[in-house]
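Trainee: Handing over model_5.pdb, PDB, C-alpha atoms.
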MODEL        1
ATOM      1  CA  MET A  10     151.993 -15.211  48.341
ATOM      2  CA  SER A  11     150.419 -13.158  45.573
ATOM      3  CA  GLU A  12     149.449 -14.026  42.022
ATOM      4  CA  LYS A  13     151.918 -13.401  39.224
ATOM      5  CA  ILE A  14     151.583 -13.434  35.470
ATOM      6  CA  ASP A  15     154.194 -15.175  33.381
ATOM      7  CA  PHE A  16     153.671 -13.595  29.965
ATOM      8  CA  SER A  17     156.280 -15.770  28.270
ATOM      9  CA  HIS A  18     153.758 -18.399  27.163
ATOM     10  CA  VAL A  19     151.039 -16.016  25.972
ATOM     11  CA  ARG A  20     150.909 -15.553  22.203
ATOM     12  CA  PHE A  21     149.658 -12.246  20.800
ATOM     13  CA  LEU A  22     148.391 -11.078  17.441
ATOM     14  CA  VAL A  23     148.516  -7.274  17.083
ATOM     15  CA  VAL A  24     146.614  -5.618  14.226
ATOM     16  CA  ASP A  25     147.073  -1.944  13.403
ATOM     17  CA  THR A  26     147.483  -0.076  10.117
ATOM     18  CA  ASN A  27     150.189   2.040  11.693
ATOM     19  CA  LYS A  28     153.653   0.488  11.594
ATOM     20  CA  LEU A  29     155.012   2.526  14.494
ATOM     21  CA  MET A  30     152.031   1.614  16.702
ATOM     22  CA  CYS A  31     152.467  -2.073  15.849
ATOM     23  CA  GLN A  32     156.121  -1.845  16.811
ATOM     24  CA  LEU A  33     155.413   0.046  20.035
ATOM     25  CA  VAL A  34     152.794  -2.445  21.225
ATOM     26  CA  LYS A  35     155.107  -5.317  20.317
ATOM     27  CA  ASP A  36     158.017  -3.717  22.211
ATOM     28  CA  ILE A  37     155.835  -3.149  25.279
ATOM     29  CA  LEU A  38     154.638  -6.757  25.252
ATOM     30  CA  MET A  39     158.170  -8.078  24.859
ATOM     31  CA  MET A  40     159.335  -5.887  27.715
ATOM     32  CA  LEU A  41     156.705  -7.629  29.856
ATOM     33  CA  GLY A  42     158.202 -10.985  28.913
ATOM     34  CA  VAL A  43     156.029 -11.990  25.959
ATOM     35  CA  THR A  44     158.049 -14.011  23.482
ATOM     36  CA  GLN A  45     155.546 -14.538  20.680
ATOM     37  CA  VAL A  46     154.047 -11.428  19.090
ATOM     38  CA  THR A  47     152.934 -11.227  15.476
ATOM     39  CA  THR A  48     151.958  -7.899  13.951
ATOM     40  CA  VAL A  49     149.876  -7.437  10.816
ATOM     41  CA  ARG A  50     148.485  -4.284   9.258
ATOM     42  CA  ASP A  51     145.192  -5.257   7.685
ATOM     43  CA  SER A  52     142.196  -7.341   8.642
ATOM     44  CA  GLU A  53     142.540  -9.960   5.920
ATOM     45  CA  LYS A  54     146.057 -10.773   7.068
ATOM     46  CA  ALA A  55     144.714 -10.913  10.605
ATOM     47  CA  ILE A  56     142.073 -13.454   9.598
ATOM     48  CA  ALA A  57     144.662 -15.520   7.755
ATOM     49  CA  ALA A  58     146.923 -15.448  10.819
ATOM     50  CA  LEU A  59     144.084 -16.385  13.175
ATOM     51  CA  ARG A  60     143.032 -19.230  10.899
ATOM     52  CA  SER A  61     146.569 -20.578  10.919
ATOM     53  CA  GLY A  62     146.259 -20.818  14.713
ATOM     54  CA  GLY A  63     148.667 -20.321  17.556
ATOM     55  CA  TYR A  64     147.302 -17.145  19.196
ATOM     56  CA  ASP A  65     145.920 -16.573  22.672
ATOM     57  CA  VAL A  66     145.060 -12.847  22.597
ATOM     58  CA  LEU A  67     144.060 -10.496  19.775
ATOM     59  CA  VAL A  68     144.865  -6.785  20.103
ATOM     60  CA  THR A  69     143.230  -4.819  17.306
ATOM     61  CA  GLU A  70     142.607  -1.281  16.105
ATOM     62  CA  TRP A  71     139.065  -0.481  14.945
ATOM     63  CA  ASN A  72     140.221   1.501  11.931
ATOM     64  CA  LEU A  73     141.358  -1.327   9.615
ATOM     65  CA  LYS A  74     140.941  -2.250   5.990
ATOM     66  CA  PRO A  75     139.393  -3.942   4.116
ATOM     67  CA  ARG A  76     137.071  -4.792   6.980
ATOM     68  CA  SER A  77     137.071  -2.882  10.229
ATOM     69  CA  GLY A  78     138.362  -4.098  13.587
ATOM     70  CA  ALA A  79     134.726  -4.321  14.709
ATOM     71  CA  ASP A  80     133.967  -6.622  11.776
ATOM     72  CA  LEU A  81     137.073  -8.639  12.583
ATOM     73  CA  LEU A  82     135.794  -9.040  16.147
ATOM     74  CA  ASP A  83     132.368 -10.006  14.822
ATOM     75  CA  TRP A  84     133.949 -12.613  12.549
ATOM     76  CA  LEU A  85     135.941 -14.094  15.427
ATOM     77  CA  ARG A  86     132.889 -14.319  17.691
ATOM     78  CA  THR A  87     130.239 -15.489  15.231
ATOM     79  CA  ASP A  88     131.677 -16.977  12.053
ATOM     80  CA  GLY A  89     131.489 -20.718  11.584
ATOM     81  CA  THR A  90     135.117 -20.782  10.482
ATOM     82  CA  SER A  91     136.387 -18.858  13.523
ATOM     83  CA  PRO A  92     139.313 -20.679  15.103
ATOM     84  CA  ASP A  93     138.413 -19.662  18.672
ATOM     85  CA  ARG A  94     135.161 -17.825  19.380
ATOM     86  CA  MET A  95     136.199 -17.222  22.987
ATOM     87  CA  MET A  96     139.602 -15.671  22.321
ATOM     88  CA  PRO A  97     140.199 -12.526  24.429
ATOM     89  CA  VAL A  98     140.123  -9.389  22.269
ATOM     90  CA  ILE A  99     141.444  -5.989  23.285
ATOM     91  CA  MET A 100     140.153  -3.154  21.096
ATOM     92  CA  LEU A 101     143.012  -0.627  21.128
ATOM     93  CA  THR A 102     141.709   2.271  19.101
ATOM     94  CA  ALA A 103     141.747   5.996  18.498
ATOM     95  CA  ASN A 104     137.987   5.717  17.953
ATOM     96  CA  SER A 105     137.529   6.634  21.576
ATOM     97  CA  GLU A 106     133.976   7.995  21.438
ATOM     98  CA  MET A 107     131.228   6.272  23.430
ATOM     99  CA  GLU A 108     129.450   4.945  20.331
ATOM    100  CA  TYR A 109     132.515   2.853  19.497
ATOM    101  CA  VAL A 110     132.826   1.594  23.067
ATOM    102  CA  MET A 111     129.194   0.470  23.010
ATOM    103  CA  GLU A 112     129.410  -1.165  19.597
ATOM    104  CA  SER A 113     132.586  -3.020  20.581
ATOM    105  CA  ARG A 114     130.841  -4.252  23.701
ATOM    106  CA  ASP A 115     127.821  -5.380  21.709
ATOM    107  CA  LYS A 116     130.071  -7.320  19.352
ATOM    108  CA  GLY A 117     131.742  -9.134  22.228
ATOM    109  CA  VAL A 118     134.968  -7.277  22.943
ATOM    110  CA  THR A 119     136.794  -8.381  26.086
ATOM    111  CA  GLU A 120     138.476  -5.046  26.874
ATOM    112  CA  PHE A 121     138.430  -1.609  25.260
ATOM    113  CA  LEU A 122     141.454   0.682  25.486
ATOM    114  CA  ALA A 123     141.298   4.118  23.884
ATOM    115  CA  LYS A 124     144.326   5.714  22.276
ATOM    116  CA  PRO A 125     146.204   7.578  23.469
ATOM    117  CA  PHE A 126     146.825   4.996  26.142
ATOM    118  CA  THR A 127     149.169   4.818  29.107
ATOM    119  CA  ALA A 128     151.474   1.973  30.100
ATOM    120  CA  ASP A 129     149.343   1.425  33.174
ATOM    121  CA  GLY A 130     146.130   1.279  31.167
ATOM    122  CA  MET A 131     147.600  -1.245  28.771
ATOM    123  CA  TYR A 132     148.898  -3.408  31.618
ATOM    124  CA  ARG A 133     145.538  -3.447  33.415
ATOM    125  CA  ARG A 134     143.752  -4.653  30.256
ATOM    126  CA  LEU A 135     146.322  -7.411  29.809
ATOM    127  CA  VAL A 136     145.917  -8.544  33.404
ATOM    128  CA  SER A 137     142.159  -8.494  33.043
ATOM    129  CA  VAL A 138     141.995 -10.695  29.950
ATOM    130  CA  ILE A 139     144.567 -13.184  31.226
ATOM    131  CA  ALA A 140     144.014 -13.423  34.964
ATOM    132  CA  ARG A 141     140.314 -12.532  35.230
ATOM    133  CA  PRO A 142     138.690 -14.553  32.451
ATOM    134  CA  ARG A 143     134.941 -14.119  32.110
ATOM    135  CA  ASP A 144     132.344 -16.700  31.193
ATOM    136  CA  PHE A 145     130.690 -16.318  27.819
ATOM    137  CA  VAL A 146     127.057 -15.673  27.086
ATOM    138  CA  SER A 147     125.153 -16.861  24.053
ATOM    139  CA  VAL A 148     121.772 -15.272  23.376
ATOM    140  CA  PRO A 149     120.139 -14.391  20.069
ATOM    141  CA  GLY A 150     122.093 -11.414  18.745
ATOM    142  CA  TYR A 151     125.013 -11.670  21.121
ATOM    143  CA  PHE A 152     127.908 -14.000  21.668
ATOM    144  CA  GLY A 153     130.684 -12.734  23.895
ATOM    145  CA  PRO A 154     131.999 -12.273  27.420
ATOM    146  CA  ASP A 155     129.415 -11.884  30.154
ATOM    147  CA  ARG A 156     128.895  -8.132  30.190
ATOM    148  CA  ARG A 157     128.190  -8.120  33.893
ATOM    149  CA  ARG A 158     131.462  -7.751  35.712
ATOM    150  CA  GLN A 159     132.422 -10.157  38.485
ATOM    151  CA  GLN A 160     129.936 -10.382  41.350
ATOM    152  CA  LEU A 161     131.886 -10.349  44.598
ATOM    153  CA  PRO A 162     130.348 -11.924  47.694
ATOM    154  CA  PHE A 163     129.047  -9.446  50.297
ATOM    155  CA  GLU A 164     130.718 -10.067  53.613
ATOM    156  CA  GLY A 165     128.640  -7.803  55.864
ATOM    157  CA  PRO A 166     125.618  -8.789  57.936
ATOM    158  CA  ASP A 167     122.516  -9.907  56.033
ATOM    159  CA  ARG A 168     119.783  -7.429  57.074
ATOM    160  CA  ARG A 169     117.109  -8.563  54.636
ATOM    161  CA  GLN A 170     113.739  -9.375  56.225
ATOM    162  CA  ASN A 171     113.141 -12.258  53.833
ATOM    163  CA  LYS A 172     115.610 -14.615  52.236
ATOM    164  CA  PRO A 173     115.841 -14.314  48.440
ATOM    165  CA  GLU A 174     114.040 -17.022  46.504
TER     166      GLU A 174
ATOM    167  CA  MET B  26     114.822 -16.244  24.645
ATOM    168  CA  ARG B  27     117.294 -18.820  25.816
ATOM    169  CA  ARG B  28     120.356 -17.530  27.535
ATOM    170  CA  LYS B  29     123.238 -19.946  27.580
ATOM    171  CA  ILE B  30     126.257 -19.439  29.827
ATOM    172  CA  ILE B  31     129.452 -20.994  28.558
ATOM    173  CA  PRO B  32     132.001 -21.352  31.354
ATOM    174  CA  ASN B  33     135.397 -19.935  30.516
ATOM    175  CA  ARG B  34     137.842 -22.771  30.024
ATOM    176  CA  GLY B  35     140.495 -20.821  31.875
ATOM    177  CA  GLU B  36     143.273 -22.221  29.694
ATOM    178  CA  LEU B  37     145.036 -18.902  29.348
ATOM    179  CA  LYS B  38     144.941 -18.286  33.082
ATOM    180  CA  ARG B  39     146.331 -21.742  33.795
ATOM    181  CA  LYS B  40     149.085 -21.124  31.273
ATOM    182  CA  ALA B  41     150.185 -17.749  32.602
ATOM    183  CA  VAL B  42     149.103 -17.213  36.215
ATOM    184  CA  ASN B  43     151.109 -18.712  39.059
ATOM    185  CA  TYR B  44     152.613 -17.821  42.407
ATOM    186  CA  LYS B  45     156.301 -18.075  41.541
ATOM    187  CA  THR B  46     157.475 -16.338  38.391
ATOM    188  CA  GLY B  47     156.458 -13.354  36.330
ATOM    189  CA  MET B  48     155.003  -9.923  36.867
ATOM    190  CA  ASP B  49     152.908  -8.785  39.794
ATOM    191  CA  ILE B  50     149.223  -8.267  39.069
ATOM    192  CA  LYS B  51     149.703  -4.575  39.847
ATOM    193  CA  LEU B  52     152.274  -2.900  37.639
ATOM    194  CA  ASP B  53     155.282  -2.023  39.770
ATOM    195  CA  ASP B  54     156.987   1.354  39.551
ATOM    196  CA  ASP B  55     160.188  -0.069  38.102
ATOM    197  CA  MET B  56     158.427  -1.688  35.149
ATOM    198  CA  ARG B  57     156.201   1.356  34.646
ATOM    199  CA  GLN B  58     159.295   3.546  34.362
ATOM    200  CA  LYS B  59     160.864   1.112  31.894
ATOM    201  CA  MET B  60     157.727   1.129  29.760
ATOM    202  CA  GLU B  61     157.559   4.919  29.862
ATOM    203  CA  ALA B  62     161.232   5.117  28.880
ATOM    204  CA  LEU B  63     160.527   2.815  25.934
ATOM    205  CA  VAL B  64     157.718   5.103  24.784
ATOM    206  CA  GLU B  65     159.925   8.169  25.284
ATOM    207  CA  ASN B  66     162.675   6.620  23.159
ATOM    208  CA  THR B  67     160.198   5.888  20.390
ATOM    209  CA  SER B  68     158.830   9.433  20.498
ATOM    210  CA  VAL B  69     161.773  10.757  18.451
ATOM    211  CA  GLN B  70     160.785   8.436  15.626
ATOM    212  CA  PHE B  71     157.150   9.472  16.068
ATOM    213  CA  LEU B  72     158.007  13.163  15.712
ATOM    214  CA  ASP B  73     160.169  12.531  12.632
ATOM    215  CA  GLU B  74     157.364  10.550  11.026
ATOM    216  CA  THR B  75     154.799  13.192  11.953
ATOM    217  CA  VAL B  76     156.877  15.882  10.234
ATOM    218  CA  GLU B  77     156.898  13.739   7.076
ATOM    219  CA  THR B  78     153.158  13.150   7.408
ATOM    220  CA  LEU B  79     152.466  16.862   7.721
ATOM    221  CA  LYS B  80     154.616  17.532   4.644
ATOM    222  CA  SER B  81     152.571  14.940   2.754
ATOM    223  CA  LEU B  82     149.365  16.639   3.879
ATOM    224  CA  ARG B  83     150.591  19.994   2.580
ATOM    225  CA  GLU B  84     151.421  18.375  -0.752
ATOM    226  CA  ALA B  85     147.997  16.743  -0.821
ATOM    227  CA  LEU B  86     146.338  20.099  -0.210
ATOM    228  CA  GLY B  87     148.314  21.492  -3.130
ATOM    229  CA  ARG B  88     146.936  18.690  -5.329
ATOM    230  CA  ALA B  89     143.393  19.355  -4.161
ATOM    231  CA  ALA B  90     143.745  23.056  -4.973
ATOM    232  CA  ALA B  91     145.165  22.376  -8.440
ATOM    233  CA  ASP B  92     142.874  19.532  -9.412
ATOM    234  CA  PRO B  93     139.301  19.352  -8.086
ATOM    235  CA  SER B  94     139.021  15.705  -9.211
ATOM    236  CA  ALA B  95     141.727  14.810  -6.650
ATOM    237  CA  ARG B  96     139.756  16.235  -3.732
ATOM    238  CA  ARG B  97     138.041  13.040  -2.620
ATOM    239  CA  ASP B  98     141.296  11.062  -2.510
ATOM    240  CA  VAL B  99     142.989  13.926  -0.689
ATOM    241  CA  LEU B 100     140.133  14.075   1.803
ATOM    242  CA  GLU B 101     140.443  10.355   2.498
ATOM    243  CA  HIS B 102     144.233  10.633   2.886
ATOM    244  CA  ILE B 103     144.028  13.542   5.308
ATOM    245  CA  ARG B 104     141.246  11.901   7.325
ATOM    246  CA  GLU B 105     143.347   8.744   7.744
ATOM    247  CA  GLU B 106     146.479  10.642   8.800
ATOM    248  CA  ALA B 107     144.498  12.809  11.232
ATOM    249  CA  PHE B 108     143.155   9.632  12.807
ATOM    250  CA  GLN B 109     146.674   8.237  13.208
ATOM    251  CA  ILE B 110     148.023  11.396  14.844
ATOM    252  CA  LYS B 111     144.962  11.581  17.097
ATOM    253  CA  GLY B 112     145.750   8.104  18.413
ATOM    254  CA  MET B 113     149.498   8.499  18.718
ATOM    255  CA  GLY B 114     150.124  12.051  19.965
ATOM    256  CA  GLY B 115     149.090  11.520  23.551
ATOM    257  CA  VAL B 116     150.848   8.157  23.762
ATOM    258  CA  PHE B 117     154.141   9.912  23.097
ATOM    259  CA  GLY B 118     153.477  12.793  25.471
ATOM    260  CA  TYR B 119     151.958  15.257  23.011
ATOM    261  CA  PRO B 120     148.325  15.646  24.078
ATOM    262  CA  LEU B 121     147.978  18.799  21.982
ATOM    263  CA  LEU B 122     148.697  16.793  18.832
ATOM    264  CA  THR B 123     145.898  14.418  19.796
ATOM    265  CA  GLU B 124     143.558  17.345  20.514
ATOM    266  CA  PHE B 125     144.244  19.181  17.246
ATOM    267  CA  ALA B 126     144.256  16.018  15.143
ATOM    268  CA  LYS B 127     140.912  15.086  16.694
ATOM    269  CA  SER B 128     139.620  18.534  15.759
ATOM    270  CA  LEU B 129     140.773  17.936  12.171
ATOM    271  CA  HIS B 130     139.334  14.412  12.078
ATOM    272  CA  ASP B 131     136.000  15.599  13.492
ATOM    273  CA  PHE B 132     135.913  18.420  10.957
ATOM    274  CA  LEU B 133     136.451  15.970   8.075
ATOM    275  CA  LYS B 134     134.283  13.166   9.421
ATOM    276  CA  GLU B 135     131.088  13.981   7.542
ATOM    277  CA  LEU B 136     132.602  15.642   4.485
ATOM    278  CA  ASN B 137     132.458  14.190   0.979
ATOM    279  CA  ASP B 138     134.398  16.944  -0.727
ATOM    280  CA  LEU B 139     136.907  19.662   0.123
ATOM    281  CA  ASP B 140     135.883  23.094  -1.113
ATOM    282  CA  GLU B 141     138.239  26.056  -0.900
ATOM    283  CA  LEU B 142     137.151  27.181   2.545
ATOM    284  CA  GLN B 143     137.426  23.639   3.873
ATOM    285  CA  GLN B 144     140.894  23.328   2.354
ATOM    286  CA  GLU B 145     141.846  26.492   4.208
ATOM    287  CA  ILE B 146     140.558  25.055   7.482
ATOM    288  CA  VAL B 147     142.557  21.869   6.908
ATOM    289  CA  SER B 148     145.607  23.927   6.070
ATOM    290  CA  ILE B 149     145.310  25.857   9.346
ATOM    291  CA  HIS B 150     145.075  22.548  11.213
ATOM    292  CA  VAL B 151     148.183  21.244   9.468
ATOM    293  CA  ASP B 152     150.090  24.434  10.267
ATOM    294  CA  THR B 153     148.999  24.276  13.904
ATOM    295  CA  LEU B 154     150.057  20.641  14.199
ATOM    296  CA  TYR B 155     153.381  21.611  12.675
ATOM    297  CA  VAL B 156     153.901  24.301  15.316
ATOM    298  CA  VAL B 157     153.326  21.710  18.060
ATOM    299  CA  VAL B 158     155.820  19.301  16.501
ATOM    300  CA  SER B 159     158.481  21.864  15.646
ATOM    301  CA  HIS B 160     158.345  23.432  19.115
ATOM    302  CA  ARG B 161     158.065  20.033  20.813
ATOM    303  CA  ILE B 162     155.097  21.319  22.838
ATOM    304  CA  LYS B 163     154.422  18.627  25.410
ATOM    305  CA  GLY B 164     151.961  20.400  27.675
ATOM    306  CA  SER B 165     148.429  21.438  26.957
ATOM    307  CA  GLY B 166     147.654  24.229  29.416
ATOM    308  CA  GLY B 167     150.130  27.076  28.760
ATOM    309  CA  ALA B 168     149.726  30.460  27.044
ATOM    310  CA  LEU B 169     151.052  29.283  23.676
ATOM    311  CA  GLU B 170     148.786  26.256  23.797
ATOM    312  CA  ALA B 171     145.786  28.481  24.556
ATOM    313  CA  GLN B 172     146.706  30.767  21.668
ATOM    314  CA  LEU B 173     146.968  27.838  19.243
ATOM    315  CA  ARG B 174     143.694  26.405  20.493
ATOM    316  CA  GLY B 175     141.953  29.774  20.080
ATOM    317  CA  SER B 176     143.239  30.284  16.519
ATOM    318  CA  LEU B 177     142.124  26.817  15.524
ATOM    319  CA  LYS B 178     138.679  27.242  17.019
ATOM    320  CA  ALA B 179     138.211  30.554  15.226
ATOM    321  CA  ALA B 180     139.199  28.889  11.945
ATOM    322  CA  VAL B 181     136.800  25.984  12.402
ATOM    323  CA  ASP B 182     133.983  28.333  13.408
ATOM    324  CA  LYS B 183     134.474  30.161  10.104
ATOM    325  CA  ALA B 184     133.451  27.047   8.212
ATOM    326  CA  LYS B 185     130.306  26.372  10.209
ATOM    327  CA  PRO B 186     127.052  26.721   8.254
ATOM    328  CA  GLY B 187     125.629  30.221   8.397
ATOM    329  CA  THR B 188     128.997  31.868   9.115
ATOM    330  CA  LYS B 189     130.267  34.305   6.519
ATOM    331  CA  ALA B 190     133.950  33.992   5.707
ATOM    332  CA  GLY B 191     136.147  37.072   5.985
TER     333      GLY B 191
ENDMDL
END
Output the file's structure as structure tokens, nothing else.
Mentor:
Amino acid sequence: MSEKIDFSHVRFLVVDTNKLMCQLVKDILMMLGVTQVTTVRDSEKAIAALRSGGYDVLVTEWNLKPRSGADLLDWLRTDGTSPDRMMPVIMLTANSEMEYVMESRDKGVTEFLAKPFTADGMYRRLVSVIARPRDFVSVPGYFGPDRRRQQLPFEGPDRRQNKPE
Amino acid sequence: MRRKIIPNRGELKRKAVNYKTGMDIKLDDDMRQKMEALVENTSVQFLDETVETLKSLREALGRAAADPSARRDVLEHIREEAFQIKGMGGVFGYPLLTEFAKSLHDFLKELNDLDELQQEIVSIHVDTLYVVVSHRIKGSGGALEAQLRGSLKAAVDKAKPGTKAG
């Protein structure tokens, strides 16, 4: 038997300035079986929605006003009033350049998906944040998912001369 | 420096992952086709909205030409719309829209004003985007695409520092 994901109980908040993009992401999620999707088009409304509670996953564009999606992520991860500092966040953005990927990572993003995206790419990010949750790391200057990906056990013969300490 | 590991509570996984109901971990072909059909259906709306956006950009350029004090607002407006088209074009099967909108967005990224030459470059971008939309050009590697790409590059090169216009 293989693992399955029942999306019907996962609650999403989608933040994008573009109405059509909000609707498309919502339609895709509902097609997958999600029943609770809220869309908002600016970061202050997003913060108000998050504060009111009831969300499991945040999907946000970087290019938001009045504060950016990166600042929204930073608020969620570090602010004392954040409702859930460990909430999975997918940065779904047309800011696809490497500098944005790195900054998102440094601010504690869970997954980064560049626009234009494919259905497959979107689905893989959803599976990752739901079915492959990562531990969090807190060090000065960083609070977010462990940036090292999962360490899988090596099943071949151990040929080391000395055992690791 | 103290490094603290906080174990993931796994609440979301417990809520959604099981062995009985729901979607497979790997997206199956049937669902992929349904999702692609959904995007395809929405693409008509995307193209209609893009036509309206491009009209608004032409109007904005007209304002910038008539009133220099409007240039900064126009610049901001065009930059925002270029960003939106850059993100959406490829989603709806129009990679050339993404490519040309990215070219426009990159061109505007560091600007604080729109002088006449820069307005001309923006105008050429808008016209090129319009050609892609009006001809519903979905590919990115054909002769027409190469011609559009070449014209746009020549236009952008004209505005580079040290290049004389004309």
Trainee: Please find the residues of chain A near chain B - the criterion being any atom within 7 Å, counting only C-alpha atoms - and write them as a list in words.
Mentor: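 Selected residues: Met10, Ser11, Glu12, Lys13, Ile14, Asp15, Phe16, His18, Val19, Ile37, Ala103, Lys124, Pro125, Phe126, Thr127, Ala128, Asp129, Tyr132, Val136, Ile139, Ala140, Pro142, Arg143, Asp144, Phe145, Val146, Ser147 and Val148 of chain A.
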Trainee: Which value, in Å to one decimal, gives the distance between atom CA of A:Ser77 and atom CA of B:His150?
Mentor: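 Between atom CA of A:Ser77 and atom CA of B:His150 the gap is 26.7 Å.
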Trainee: Provide the atom CA of B:Gly166 to atom CA of A:Leu33 distance in Å, to one decimal place.
Mentor: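 Taking atom CA of B:Gly166 as the start and atom CA of A:Leu33 as the end point, the length is 27.1 Å.
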Trainee: Please report the interatomic distance between atom CA of A:Leu81 and atom CA of B:Asp138 in Å with one decimal.
Mentor: 29.0 Å
Trainee: Quick one: everything within 12 Å of B:Arg96, counting all atoms listed in the file, minus sequence neighbours fewer than 6 positions away in the same chain. Send it as a PyMOL selection string.
Mentor: chain B and resi 85-90+102-104+136-141+143-144
Trainee: Quick one: of B:Gln172, B:Ser159, B:Ser128, B:Asn66, who's nearest to A:Asp36, counting only C-alpha atoms?
Mentor: B:Asn66
Trainee: Which residues would end up in the selection if the PyMOL selection byres ((chain B and resi 163) around 9) were applied here, given that I need the answer as JSON, numbers by chain?
Mentor: {"B": [118, 119, 120, 121, 122, 157, 160, 161, 162, 164, 165]}
Trainee: Can you work out which one of B:Glu84, B:Glu77, B:Asp55, B:Glu170 has the shortest atom-to-atom distance to B:Phe125, counting only C-alpha atoms?
Mentor: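 The shortest atom-to-atom distance to B:Phe125 comes from B:Glu170.
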Trainee: Which residues come within 8 Å of B:Ile146, counting all atoms listed in the file, excluding same-chain residues fewer than 3 positions away, as a short mmCIF file (atom, residue, chain, number, x, y, z; two decimals) with C-alpha atoms, keeping the file's coordinate frame?
Mentor:
data_model
loop_
_atom_site.label_atom_id
_atom_site.label_comp_id
_atom_site.auth_asym_id
_atom_site.auth_seq_id
_atom_site.Cartn_x
_atom_site.Cartn_y
_atom_site.Cartn_z
CA LEU B 142 137.15 27.18 2.54
CA GLN B 143 137.43 23.64 3.87
CA ILE B 149 145.31 25.86 9.35
CA HIS B 150 145.07 22.55 11.21
CA ALA B 180 139.20 28.89 11.94
CA VAL B 181 136.80 25.98 12.40
CA ALA B 184 133.45 27.05 8.21
#
Trainee: Excluding same-chain residues fewer than 4 positions from B:Leu79, what lies within 8 Å of it counting all atoms listed in the file, as a list in words?
Mentor: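 Once the adjacent positions are removed, what remains is Thr75, Arg83, Val151, Leu154 and Tyr155 of chain B.
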Trainee: Can you report as lines of an AutoDock Vina configuration file the centre and edge lengths in Å, to one decimal, of an axis-aligned box around the listed atoms of stretch 38-53 of chain B padded with 3 Å on each side?
Mentor:
center_x = 151.2
center_y = -11.9
center_z = 36.8
size_x = 18.5
size_y = 25.7
size_z = 17.1
Trainee: Give me the residues within 10 Å of A:Met100 as a VMD selection string, counting all atoms listed in the file and dropping any in the same chain fewer than 3 places off.
Mentor: chain A and resid 24 67 to 71 78 to 79 82 97 103 to 104 109 to 110 113 to 114 118 to 124 134
Trainee: With distances taken over only C-alpha atoms, which of A:Met111, A:Leu101, A:Val23, A:Met95 is nearest to A:Ser52?
Mentor: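 Among A:Met111, A:Leu101, A:Val23, A:Met95, it is A:Val23 that comes nearest to A:Ser52.
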Trainee: May I ask you to restore N, CA and C atoms in stretch 21-34 of chain A and write the result as an mmCIF file, in the frame of the given file?
Mentor:
data_model
loop_
_atom_site.group_PDB
_atom_site.id
_atom_site.type_symbol
_atom_site.label_atom_id
_atom_site.label_comp_id
_atom_site.auth_asym_id
_atom_site.auth_seq_id
_atom_site.Cartn_x
_atom_site.Cartn_y
_atom_site.Cartn_z
ATOM 1 N N PHE A 21 150.479 -13.404 21.190
ATOM 2 C CA PHE A 21 149.658 -12.246 20.800
ATOM 3 C C PHE A 21 149.652 -12.022 19.291
ATOM 4 N N LEU A 22 148.489 -11.616 18.798
ATOM 5 C CA LEU A 22 148.391 -11.078 17.441
ATOM 6 C C LEU A 22 147.971 -9.619 17.569
ATOM 7 N N VAL A 23 148.789 -8.719 17.013
ATOM 8 C CA VAL A 23 148.516 -7.274 17.083
ATOM 9 C C VAL A 23 148.185 -6.778 15.673
ATOM 10 N N VAL A 24 147.052 -6.091 15.542
ATOM 11 C CA VAL A 24 146.614 -5.618 14.226
ATOM 12 C C VAL A 24 146.424 -4.106 14.271
ATOM 13 N N ASP A 25 147.197 -3.402 13.477
ATOM 14 C CA ASP A 25 147.073 -1.944 13.403
ATOM 15 C C ASP A 25 147.642 -1.498 12.058
ATOM 16 N N THR A 26 146.978 -0.546 11.414
ATOM 17 C CA THR A 26 147.483 -0.076 10.117
ATOM 18 C C THR A 26 148.797 0.675 10.274
ATOM 19 N N ASN A 27 149.019 1.194 11.474
ATOM 20 C CA ASN A 27 150.189 2.040 11.693
ATOM 21 C C ASN A 27 151.399 1.211 12.135
ATOM 22 N N LYS A 28 152.461 1.297 11.337
ATOM 23 C CA LYS A 28 153.653 0.488 11.594
ATOM 24 C C LYS A 28 154.294 0.812 12.946
ATOM 25 N N LEU A 29 154.368 2.116 13.243
ATOM 26 C CA LEU A 29 155.012 2.526 14.494
ATOM 27 C C LEU A 29 154.204 2.035 15.705
ATOM 28 N N MET A 30 152.869 2.090 15.594
ATOM 29 C CA MET A 30 152.031 1.614 16.702
ATOM 30 C C MET A 30 152.185 0.112 16.884
ATOM 31 N N CYS A 31 152.235 -0.615 15.771
ATOM 32 C CA CYS A 31 152.467 -2.073 15.849
ATOM 33 C C CYS A 31 153.769 -2.349 16.596
ATOM 34 N N GLN A 32 154.810 -1.611 16.216
ATOM 35 C CA GLN A 32 156.121 -1.845 16.811
ATOM 36 C C GLN A 32 156.117 -1.487 18.296
ATOM 37 N N LEU A 33 155.445 -0.382 18.632
ATOM 38 C CA LEU A 33 155.413 0.046 20.035
ATOM 39 C C LEU A 33 154.696 -0.989 20.907
ATOM 40 N N VAL A 34 153.546 -1.453 20.439
ATOM 41 C CA VAL A 34 152.794 -2.445 21.225
ATOM 42 C C VAL A 34 153.619 -3.724 21.356
#
